[in-house]
Amino acid sequence: MKSYEEVLKECALADERLIVMTAENRAAIRTLPAQLGERFLDVGIAEQTMIGAAAGLALRGRIPIVHALATFLTLRAFEFIRDDVGIPHLPVKLVGGVPGFLSDANGPTHQAVEDISFMRGIPNMQVFAPADMEDLTSTLPAILNSTEPCYIRYPASTPTNIERTSHDIGKTEPIASGSDVVILTYGLLLREAIIARDILEREGISTGILDIRWLKPLDSGVVLDAVGSATLTVTLEDHFITGGLFSILSELLVRQGIMANVLPIALEDRWFKPALLHDVLEYEGFTGKQIAHRIQEYLLGRQLQVTTKYQKVMHHNLKVTVT
Amino acid sequence: MTSGPLSETRNLELKSLALRVREHIIGMATDGGCFIGASLSCADLLVYLYSEVLNISPERVRDPERDYLLLSKGHDVPALYGTLAELGYFPKERLKNHLKTNDAIYWHPNRAVPGVEFHSGSLGHLLSVSIGIAMDIKMRKTDNLVFVILGDGELNEGSIWEGMLTAAAYKLDNLIAIVDRNEFQANIRTEDLIPLEPLAPKFEAMGWNCLRMDGHNFNEMQNTFARFPFLKGRSLKPTVIIADTVRGKGLPSIEKRADRWFVNFTPNEVEMLLEELHGETSAALTSEPLMVR
């Protein structure tokens with residue numbers, strides 16, 4: 001599989017509109033300065049200047065792809081993104097590194113757990129949160145060909161080994177189908193969702209998964225179908241509960257006048273414990289096993305308000321417990 | 001860019017044009033009002049730049065080889081609109097639509113209006129946008145220039161100094177920042193809040209050429225800009241020009257007044273101010289002295 005920087009290099013060499021920029025964060029693009037020459041621009045640790053300059057380049061017909069840590073990009077430079085990219089609707093592509101739990105032990109200053117909320121609030125801004133490099137690199141050419149501004153949550157390097165059916169902008173990928181529970185997730189936590197599903201299925205709970213990946217534009221039809229065909233919908237995300245996938249789903253359901261059981265698994269109004277990734281997941285309750293447990297707890301806790309379909313879930317659950 | 005001294009005839013023509021631009025600005029200071037102080041301080045600068053310096057015309061607003069001018073301190077846009085209208089970028093009648101929903105002319109620049117390169121309003125943005133434009137011009141190896149008008153109060157913004165470093169690092173000798181040094185920010189004199197002086201050494205230390213001129217004297221502007229090609233050829237540095245100006249220039253009754261930043265005059269006051277502009281009676285103003293936006 002080609003790396004992100006290889007695909008970016010190929011696209012840039014084939015299309016002279018593309019300008020690769022960074023605010024002195026070269027982790028994902030180390031070989032590009034030599035490959036792209038003057039079409040690689042490092043403005044120094046100056047996220048605001050990078051976004052403003054990207055807007056200026058876009059005014060001249062370029063398509064800048066800018067790189068910085070997701071927090072500094074979306075927060076330090078937020079007003080520049082809003083004013084200089086959002087208002088004029090310019091084709092600037094924003095790549096945010098180590099989003100969500102991927103900031104590991106850096107601490108809260110580096111925790112991009114509100115980036116989706118901020119970026120989707122900008123009119124016309126697309127928001128893409130792929131689960132792995134394969135999805136990013138396969139979708140990247142379409143993103144770079146589009147004239148829309150786009151925020152990309154740069155994924156973890158660990159592959160999910162999922163065969164995807166589409167790499168079109170705005171397409172959600174159904175990973176598994178299930179009639180009791182459907183887990184909606186994106187990015188890093190897709191892997192944990194798959195582990196959680198295996199556990200739940202073994203417990204007799206039919207569990208589906210949607211890799212949402214495009215938070216904006218949202219693949220509303222697929223999402224609504226999934227919500228409608230399961231008893232419980234779980235939103236799973238390494239993001240504040242405010243403004244992310246749970247909010248997106250809630251807005252969609254209210255707008256459609258649909259009642260549904262929804263369990264949000266997200267960061268509840270606080271930053272997460274800084275540590276190495278696997279310890280963060282464990283401490284914060286986001287391992288596949290913990291997620292499966294939280295879903296089962298929720299199903300049990302709601303026992304008194306169940307639908308027929310839901311009772312089936314509980315029946316399965318109790319049966320497993322008894323045996 | 002022109003060279004040689006300005007002829008007396010040309011100087012008078014520019015003064016006449018600047019007077020008409022000031023009439024437009026005063027005309028926009030009623031029925032909702034406008035940021036009159038900063039608009040009047042940079043009116044002569046814009047008149048001079050569009051008439052004598054910028055390689056641009058109403059027919060070439062999309063020409064990639066045009067010179068660019070961006071207003072980073074966007075609240076002085078009545079001066080830009082007045083200048084563009086006078087020079088034929090759009091019909092002067094449109095200025096009467098100031099703040100009206102049937103047009104696109106409001107308190108800050110809107111690039112939907114012909115001749116306006118980019119919108120602004122939040123301070124400290126357009127130096128970096130200008131840097132991007134200048135970088136692209138360099139890559140394409142054309143000779144056009146990028147001018148960006150900064151307010152002196154705007155120099156409080158950190159993004160200006162961030163951009164200064166980047167522009168110097170990238171040797172953007174096609175970038176010219178002009179500071180409208182009217183010595184006021186919104187509510188207070190710059191030197192009474194965040195002192196800027198000595199200003200020129202700051203820019204020079206950031207790796208820029210720095211020139212200083214009277215921003216209301218066309219002959220002095222001509223002499224200053226005559227030095228630019230020399231600087232450009234010799235230094236590979238961006239250039240900043242500090243234009244010493246007067247807030248409210250042209251209207252003695254509001255000049256250098258901290259409380260005449262944004263105004264909304266009555267139609268009668270506008271009539272009096274137009275007379276004052278033409279050197280007749282001074283205006284007796286009764287409107288609220290300060291409306292903070």
# chains A, B, ... in the order shown; residues from 1 in each chain; ligands from 1

$ residues_around --residues "B:Lys73" --least-positions-apart "3" --cutoff "8 Å" --atoms "only C-alpha atoms" --output "mmCIF file with N, CA and C atoms, in the first residue's frame"
data_model
loop_
_atom_site.group_PDB
_atom_site.id
_atom_site.type_symbol
_atom_site.label_atom_id
_atom_site.label_comp_id
_atom_site.auth_asym_id
_atom_site.auth_seq_id
_atom_site.Cartn_x
_atom_site.Cartn_y
_atom_site.Cartn_z
ATOM 1 N N ASP B 76 -11.882 50.785 6.842
ATOM 2 C CA ASP B 76 -11.700 52.008 6.056
ATOM 3 C C ASP B 76 -12.222 51.842 4.619
ATOM 4 N N SER B 120 -12.344 41.604 4.428
ATOM 5 C CA SER B 120 -11.655 41.661 5.713
ATOM 6 C C SER B 120 -12.608 42.267 6.714
ATOM 7 N N GLY B 121 -12.142 42.426 7.910
ATOM 8 C CA GLY B 121 -12.996 42.924 8.979
ATOM 9 C C GLY B 121 -12.361 42.580 10.307
ATOM 10 N N SER B 122 -11.974 41.310 10.435
ATOM 11 C CA SER B 122 -11.187 40.899 11.585
ATOM 12 C C SER B 122 -9.743 41.314 11.308
ATOM 13 N N LEU B 123 -9.138 42.023 12.248
ATOM 14 C CA LEU B 123 -7.814 42.581 11.988
ATOM 15 C C LEU B 123 -6.725 41.504 12.013
ATOM 16 N N GLY B 124 -5.648 41.776 11.280
ATOM 17 C CA GLY B 124 -4.487 40.890 11.308
ATOM 18 C C GLY B 124 -4.551 39.729 10.342
ATOM 19 N N ILE B 149 -2.744 47.194 2.907
ATOM 20 C CA ILE B 149 -2.868 48.347 3.799
ATOM 21 C C ILE B 149 -3.143 47.845 5.211
ATOM 22 N N LEU B 150 -2.261 48.186 6.135
ATOM 23 C CA LEU B 150 -2.425 47.799 7.530
ATOM 24 C C LEU B 150 -2.769 49.038 8.352
ATOM 25 N N GLY B 151 -3.590 48.853 9.369
ATOM 26 C CA GLY B 151 -3.807 49.948 10.308
ATOM 27 C C GLY B 151 -2.696 49.950 11.341
ATOM 28 N N GLU B 154 -3.879 47.983 14.154
ATOM 29 C CA GLU B 154 -3.870 46.568 13.759
ATOM 30 C C GLU B 154 -2.536 45.890 14.089
#

$ residues_around --residues "stretch 280-292 of chain A" --least-positions-apart "6" --cutoff "12 Å" --atoms "only C-alpha atoms" --output "tab-separated table (two decimals) with C-alpha atoms, in the first residue's frame"
chain	number	residue	atom	x	y	z
A	100	GLY	CA	-8.53	12.66	19.37
A	101	PHE	CA	-6.88	9.90	21.38
A	102	LEU	CA	-3.94	9.83	18.96
A	103	SER	CA	-2.29	12.67	20.86
A	104	ASP	CA	-1.35	10.01	23.41
A	105	ALA	CA	0.50	11.47	26.38
A	106	ASN	CA	0.82	15.04	25.07
A	107	GLY	CA	-1.80	16.38	27.43
A	111	GLN	CA	-6.12	16.90	22.45
A	181	VAL	CA	-27.42	-2.66	18.01
A	182	VAL	CA	-25.74	-0.47	15.43
A	183	ILE	CA	-22.48	1.30	16.29
A	185	THR	CA	-18.16	5.51	14.61
A	188	LEU	CA	-9.36	5.35	15.41
A	189	LEU	CA	-12.27	3.78	17.29
A	190	LEU	CA	-13.53	1.72	14.35
A	191	ARG	CA	-11.09	-1.01	15.38
A	192	GLU	CA	-12.49	-1.02	18.90
A	193	ALA	CA	-16.03	-1.09	17.52
A	194	ILE	CA	-15.17	-4.24	15.56
A	195	ILE	CA	-13.82	-5.90	18.72
A	196	ALA	CA	-16.93	-4.82	20.64
A	197	ARG	CA	-19.13	-6.27	17.93
A	198	ASP	CA	-17.41	-9.66	18.15
A	199	ILE	CA	-18.05	-9.74	21.88
A	200	LEU	CA	-21.69	-8.64	21.54
A	201	GLU	CA	-22.36	-11.14	18.77
A	202	ARG	CA	-20.98	-13.92	20.95
A	203	GLU	CA	-23.46	-12.78	23.58
A	205	ILE	CA	-26.66	-9.46	20.40
A	206	SER	CA	-26.86	-8.79	16.68
A	207	THR	CA	-24.59	-5.78	16.12
A	234	VAL	CA	-24.45	3.77	19.68
A	235	THR	CA	-22.34	6.76	18.68
A	236	LEU	CA	-18.70	6.06	19.42
A	237	GLU	CA	-16.10	8.79	19.07
A	238	ASP	CA	-12.89	10.21	20.50
A	239	HIS	CA	-14.38	13.68	20.64
A	263	LEU	CA	-26.18	5.64	23.60
A	264	PRO	CA	-23.39	8.16	23.13
A	265	ILE	CA	-19.89	6.97	23.96
A	266	ALA	CA	-17.72	10.08	23.85
A	267	LEU	CA	-15.73	12.36	26.12
A	268	GLU	CA	-18.17	13.81	28.63
A	270	ARG	CA	-13.64	16.92	30.03
A	271	TRP	CA	-10.23	16.21	28.52
A	272	PHE	CA	-8.87	12.69	28.63
A	273	LYS	CA	-6.09	11.22	30.77
A	274	PRO	CA	-2.78	11.75	28.94
A	298	TYR	CA	-27.19	0.21	28.76
A	299	LEU	CA	-29.42	-2.51	27.34

$ select_by_dssp --residues "stretch 66-97 of chain A" --states "strand (DSSP E or B)" --output "list in words"
Val66, His67, Ala68, Leu69, Lys93, Leu94, Val95, Gly96 and Gly97 of chain A

$ residues_around --residues "stretch 194-203 of chain B" --least-positions-apart "3" --cutoff "12 Å" --atoms "only C-alpha atoms" --output "PyMOL selection string"
chain B and resi 151-157+160-161+163-165+167-168+177-179+181-185+188-191+206-213+237-244

$ interface_residues --of "chain A" --to "chain B" --cutoff "8 Å" --atoms "only C-alpha atoms" --output "mmCIF file with C-alpha atoms, in the first residue's frame"
data_model
loop_
_atom_site.group_PDB
_atom_site.id
_atom_site.type_symbol
_atom_site.label_atom_id
_atom_site.label_comp_id
_atom_site.auth_asym_id
_atom_site.auth_seq_id
_atom_site.Cartn_x
_atom_site.Cartn_y
_atom_site.Cartn_z
ATOM 1 C CA GLU A 38 8.914 25.442 -4.386
ATOM 2 C CA VAL A 43 5.866 28.859 6.993
ATOM 3 C CA GLY A 44 7.318 28.012 10.391
ATOM 4 C CA ALA A 46 2.722 30.029 12.385
ATOM 5 C CA GLN A 48 -2.485 31.620 11.242
ATOM 6 C CA THR A 49 -0.027 32.718 8.586
ATOM 7 C CA MET A 50 -0.221 29.292 6.983
ATOM 8 C CA ILE A 51 -4.005 29.498 6.604
ATOM 9 C CA GLY A 52 -3.959 33.095 5.399
ATOM 10 C CA ALA A 53 -1.232 32.294 2.889
ATOM 11 C CA ALA A 54 -3.153 29.200 1.776
ATOM 12 C CA ALA A 55 -6.155 31.447 1.117
ATOM 13 C CA GLY A 56 -3.952 33.795 -0.915
ATOM 14 C CA LEU A 57 -2.597 30.870 -2.919
ATOM 15 C CA LEU A 59 -7.182 32.994 -4.746
ATOM 16 C CA ARG A 60 -4.489 32.528 -7.387
ATOM 17 C CA PHE A 80 -8.387 32.308 9.801
ATOM 18 C CA ASP A 83 -12.743 34.021 7.642
ATOM 19 C CA ASP A 84 -10.176 33.373 4.924
#

$ closest_residue --among "A:Val20, A:Ile152, A:Leu136, A:Ala131" --to "A:His167" --atoms "only C-alpha atoms"
A:Leu136

$ residues_around --residues "B:Arg22" --least-positions-apart "6" --cutoff "10 Å" --atoms "only C-alpha atoms" --output "PyMOL selection string"
chain B and resi 16+28+36+39-41+43-44+78-79+82-83+248-251+274+277

$ atom_distance --atom1 "atom CA of B:Asp259" --atom2 "atom CA of B:Leu84"
27.8 Å

$ select_by_dssp --residues "stretch 52-257 of chain A" --states "alpha helix (DSSP H)" --output "ChimeraX atom specification"
/A:52-59,70-71,78-80,115-120,133-145,190-202,220-229,245-256

$ atom_distance --atom1 "atom CA of B:Leu236" --atom2 "atom CA of A:Ile19"
22.7 Å

$ residues_around --residues "stretch 68-71 of chain A" --least-positions-apart "6" --cutoff "8 Å" --atoms "only C-alpha atoms" --output "PyMOL selection string"
chain A and resi 22-25+47+95-99+109-112+115+153

$ atom_distance --atom1 "atom CA of A:Gly61" --atom2 "atom CA of A:Ala12"
14.1 Å

$ residues_around --residues "A:Glu134" --least-positions-apart "6" --cutoff "10 Å" --atoms "only C-alpha atoms" --output "list in words"
Met1, Lys2, Ser3, Tyr4, Leu140, Pro155, Ser157, Thr158, Pro159, Thr160, Asn161, Ile162, Glu163 and Arg164 of chain A

$ write_last_selection --atoms "C-alpha atoms" --output "tab-separated table (two decimals), in the first residue's frame"
chain	number	residue	atom	x	y	z
A	1	MET	CA	0.00	0.00	0.00
A	2	LYS	CA	1.23	3.47	-0.83
A	3	SER	CA	1.79	5.89	2.01
A	4	TYR	CA	-0.03	9.18	2.41
A	140	LEU	CA	-7.36	11.63	-1.23
A	155	PRO	CA	-5.65	8.66	10.95
A	157	SER	CA	-0.94	4.17	11.00
A	158	THR	CA	-2.41	0.83	12.10
A	159	PRO	CA	-4.48	-0.71	9.28
A	160	THR	CA	-8.03	-1.96	9.78
A	161	ASN	CA	-7.78	-4.31	6.76
A	162	ILE	CA	-11.33	-3.49	5.75
A	163	GLU	CA	-12.34	-3.86	2.11
A	164	ARG	CA	-14.29	-0.73	1.33

$ residues_around --residues "B:Asn97" --least-positions-apart "5" --cutoff "12 Å" --atoms "only C-alpha atoms" --output "number ranges by chain"
B: 24, 27-28, 30-32, 81, 91-92, 102-107
